[in-house]
Amino acid sequence: ESAMGLSRIPVGMICPLLIRGEHINGYVAVPWTTSEGALVASGARGALAMSRAGGARSFIQRDVIRSSPTLVLSCMDEGVRVNEWIQENKQRIMVDAADAMTIFNVVMTTLEVSVAGQNIHVTMTFDLGNGRAESEAVKASHGIFMRMVKQ
């Protein structure tokens with residue numbers, strides 16, 4: 001079967017898109033999922049324009065994925081306190097996270113925190129080199145985040 005996936009929001013196909021890359025050199029079809037279906041038509045027009053202009057040149061500079069779980073707290077003061085705790089314990093969190101990362105065979109390279117009012121955004125960057133799956137990084141980030149919440 002040629003199933004591409006399942007989505008509860010519109011999925012469209014952007015094609016043909018001419019790619020001139022290290023691993024792909026030719027026309028490709030790009031599945032595009034968006035909450036605004038009209039964007040698929042805009043993307044298709046952009047792909048057509050790029051292809052007619054000679055294609056898009058691409059290369060991989062760094063193969064990473066970022067996962068940014070958010071913790072919603074009761075007030076901004078609590079957000080500031082949690083941020084301070086994470087900053088003070090960042091090295092320990094990174095070491096403790098090694099178990100989760102070993103299980104999922106991914107490497108977390110950075111842990112960044114930003115506060116937006118009562119929301120704490122924890123951004124974890126994972127190296128996807130050597131064919132590691134993005135889904136494994138997402139699973140690892142969930143495990144790491146849940147350990148942080150428990151502490």
# chains A, B, ... in the order shown; residues from 1 in each chain; ligands from 1

call {"tool": "residues_around", "arguments": {"residues": "Pro69 (chain A)", "least_positions_apart": "4", "cutoff": "9 Å", "atoms": "only C-alpha atoms", "output": "list in words"}}
result
Ile120, His121, Val122, Thr123, Met124, Ser141, His142 and Phe145 of chain A

call {"tool": "residues_around", "arguments": {"residues": "Thr33 (chain A)", "least_positions_apart": "4", "cutoff": "9 Å", "atoms": "only C-alpha atoms", "output": "PyMOL selection string"}}
result
chain A and resi 7+9-13+37+40

call {"tool": "residues_around", "arguments": {"residues": "Ser74 (chain A)", "least_positions_apart": "3", "cutoff": "9 Å", "atoms": "only C-alpha atoms", "output": "PDB file with all heavy atoms, in the first residue's frame"}}
result
ATOM      1  N   ASP A  77       4.855  34.553  38.232  1.00  0.00           N
ATOM      2  CA  ASP A  77       5.882  34.393  39.272  1.00  0.00           C
ATOM      3  C   ASP A  77       6.344  32.948  39.377  1.00  0.00           C
ATOM      4  O   ASP A  77       7.533  32.670  39.547  1.00  0.00           O
ATOM      5  CB  ASP A  77       5.345  34.867  40.629  1.00  0.00           C
ATOM      6  CG  ASP A  77       5.111  36.367  40.663  1.00  0.00           C
ATOM      7  OD1 ASP A  77       5.712  37.085  39.830  1.00  0.00           O
ATOM      8  OD2 ASP A  77       4.338  36.822  41.520  1.00  0.00           O
ATOM      9  N   GLU A  78       5.401  32.013  39.272  1.00  0.00           N
ATOM     10  CA  GLU A  78       5.746  30.600  39.303  1.00  0.00           C
ATOM     11  C   GLU A  78       6.600  30.243  38.085  1.00  0.00           C
ATOM     12  O   GLU A  78       7.542  29.470  38.186  1.00  0.00           O
ATOM     13  CB  GLU A  78       4.474  29.758  39.353  1.00  0.00           C
ATOM     14  CG  GLU A  78       4.743  28.304  39.666  1.00  0.00           C
ATOM     15  CD  GLU A  78       3.449  27.507  39.814  1.00  0.00           C
ATOM     16  OE1 GLU A  78       2.384  27.974  39.383  1.00  0.00           O
ATOM     17  OE2 GLU A  78       3.526  26.386  40.335  1.00  0.00           O
ATOM     18  N   GLY A  79       6.294  30.834  36.939  1.00  0.00           N
ATOM     19  CA  GLY A  79       7.090  30.611  35.737  1.00  0.00           C
ATOM     20  C   GLY A  79       8.524  31.059  35.912  1.00  0.00           C
ATOM     21  O   GLY A  79       9.457  30.374  35.506  1.00  0.00           O
ATOM     22  N   GLN A 118       2.969  32.889  32.075  1.00  0.00           N
ATOM     23  CA  GLN A 118       2.893  31.695  32.922  1.00  0.00           C
ATOM     24  C   GLN A 118       3.273  30.428  32.173  1.00  0.00           C
ATOM     25  O   GLN A 118       3.163  29.331  32.705  1.00  0.00           O
ATOM     26  CB  GLN A 118       1.483  31.561  33.501  1.00  0.00           C
ATOM     27  CG  GLN A 118       0.417  31.290  32.447  1.00  0.00           C
ATOM     28  CD  GLN A 118      -0.976  31.453  32.995  1.00  0.00           C
ATOM     29  OE1 GLN A 118      -1.274  32.410  33.688  1.00  0.00           O
ATOM     30  NE2 GLN A 118      -1.830  30.488  32.692  1.00  0.00           N
ATOM     31  N   ASN A 119       3.762  30.566  30.953  1.00  0.00           N
ATOM     32  CA  ASN A 119       4.169  29.421  30.137  1.00  0.00           C
ATOM     33  C   ASN A 119       5.681  29.267  30.126  1.00  0.00           C
ATOM     34  O   ASN A 119       6.402  30.234  29.893  1.00  0.00           O
ATOM     35  CB  ASN A 119       3.671  29.571  28.699  1.00  0.00           C
ATOM     36  CG  ASN A 119       2.162  29.674  28.634  1.00  0.00           C
ATOM     37  OD1 ASN A 119       1.447  28.985  29.342  1.00  0.00           O
ATOM     38  ND2 ASN A 119       1.680  30.553  27.782  1.00  0.00           N
TER      39      ASN A 119
END

call {"tool": "select_by_dssp", "arguments": {"residues": "region 1-150 of chain A", "states": "helix (DSSP H, G or I)", "output": "NGL selection string"}}
result
:A and (38-52 or 76-88 or 90-96 or 98-104 or 129-131 or 134-150)

call {"tool": "atom_distance", "arguments": {"atom1": "CA of Ile14 (chain A)", "atom2": "CA of Ile60 (chain A)"}}
result
20.7 Å

call {"tool": "atom_distance", "arguments": {"atom1": "CA of Thr125 (chain A)", "atom2": "CA of Thr110 (chain A)"}}
result
5.2 Å

call {"tool": "closest_residue", "arguments": {"among": "A:Leu128, A:Ala137, A:Ile65, A:Ala56", "to": "Ala97 (chain A)", "atoms": "only C-alpha atoms"}}
result
A:Ala137

call {"tool": "closest_residue", "arguments": {"among": "A:Ser68, A:Val95, A:Met148, A:Arg57", "to": "Asn25 (chain A)", "atoms": "only C-alpha atoms"}}
result
A:Arg57

call {"tool": "closest_residue", "arguments": {"among": "A:Cys15, A:Gly117, A:Arg20, A:Ser135", "to": "Ser58 (chain A)", "atoms": "only C-alpha atoms"}}
result
A:Arg20

call {"tool": "closest_residue", "arguments": {"among": "A:Val106, A:Leu39, A:Leu17, A:Ala29", "to": "Arg52 (chain A)", "atoms": "only C-alpha atoms"}}
result
A:Leu17

call {"tool": "select_by_dssp", "arguments": {"residues": "chain A", "states": "strand (DSSP E or B)", "output": "JSON, numbers by chain"}}
result
{"A": [11, 12, 13, 14, 15, 16, 17, 18, 19, 20, 21, 25, 26, 27, 28, 29, 30, 31, 32, 33, 56, 57, 58, 64, 65, 66, 67, 70, 71, 72, 107, 108, 109, 110, 111, 112, 113, 114, 115, 116, 119, 120, 121, 122, 123, 124, 125, 126, 127]}

call {"tool": "atom_distance", "arguments": {"atom1": "CA of Lys139 (chain A)", "atom2": "CA of Lys90 (chain A)"}}
result
19.6 Å

call {"tool": "closest_residue", "arguments": {"among": "A:Met146, A:Trp85, A:Asp127, A:Gln151", "to": "Asp63 (chain A)", "atoms": "only C-alpha atoms"}}
result
A:Asp127

call {"tool": "closest_residue", "arguments": {"among": "A:Ala47, A:Ile93, A:Ala116, A:Val107", "to": "Lys150 (chain A)", "atoms": "only C-alpha atoms"}}
result
A:Ile93
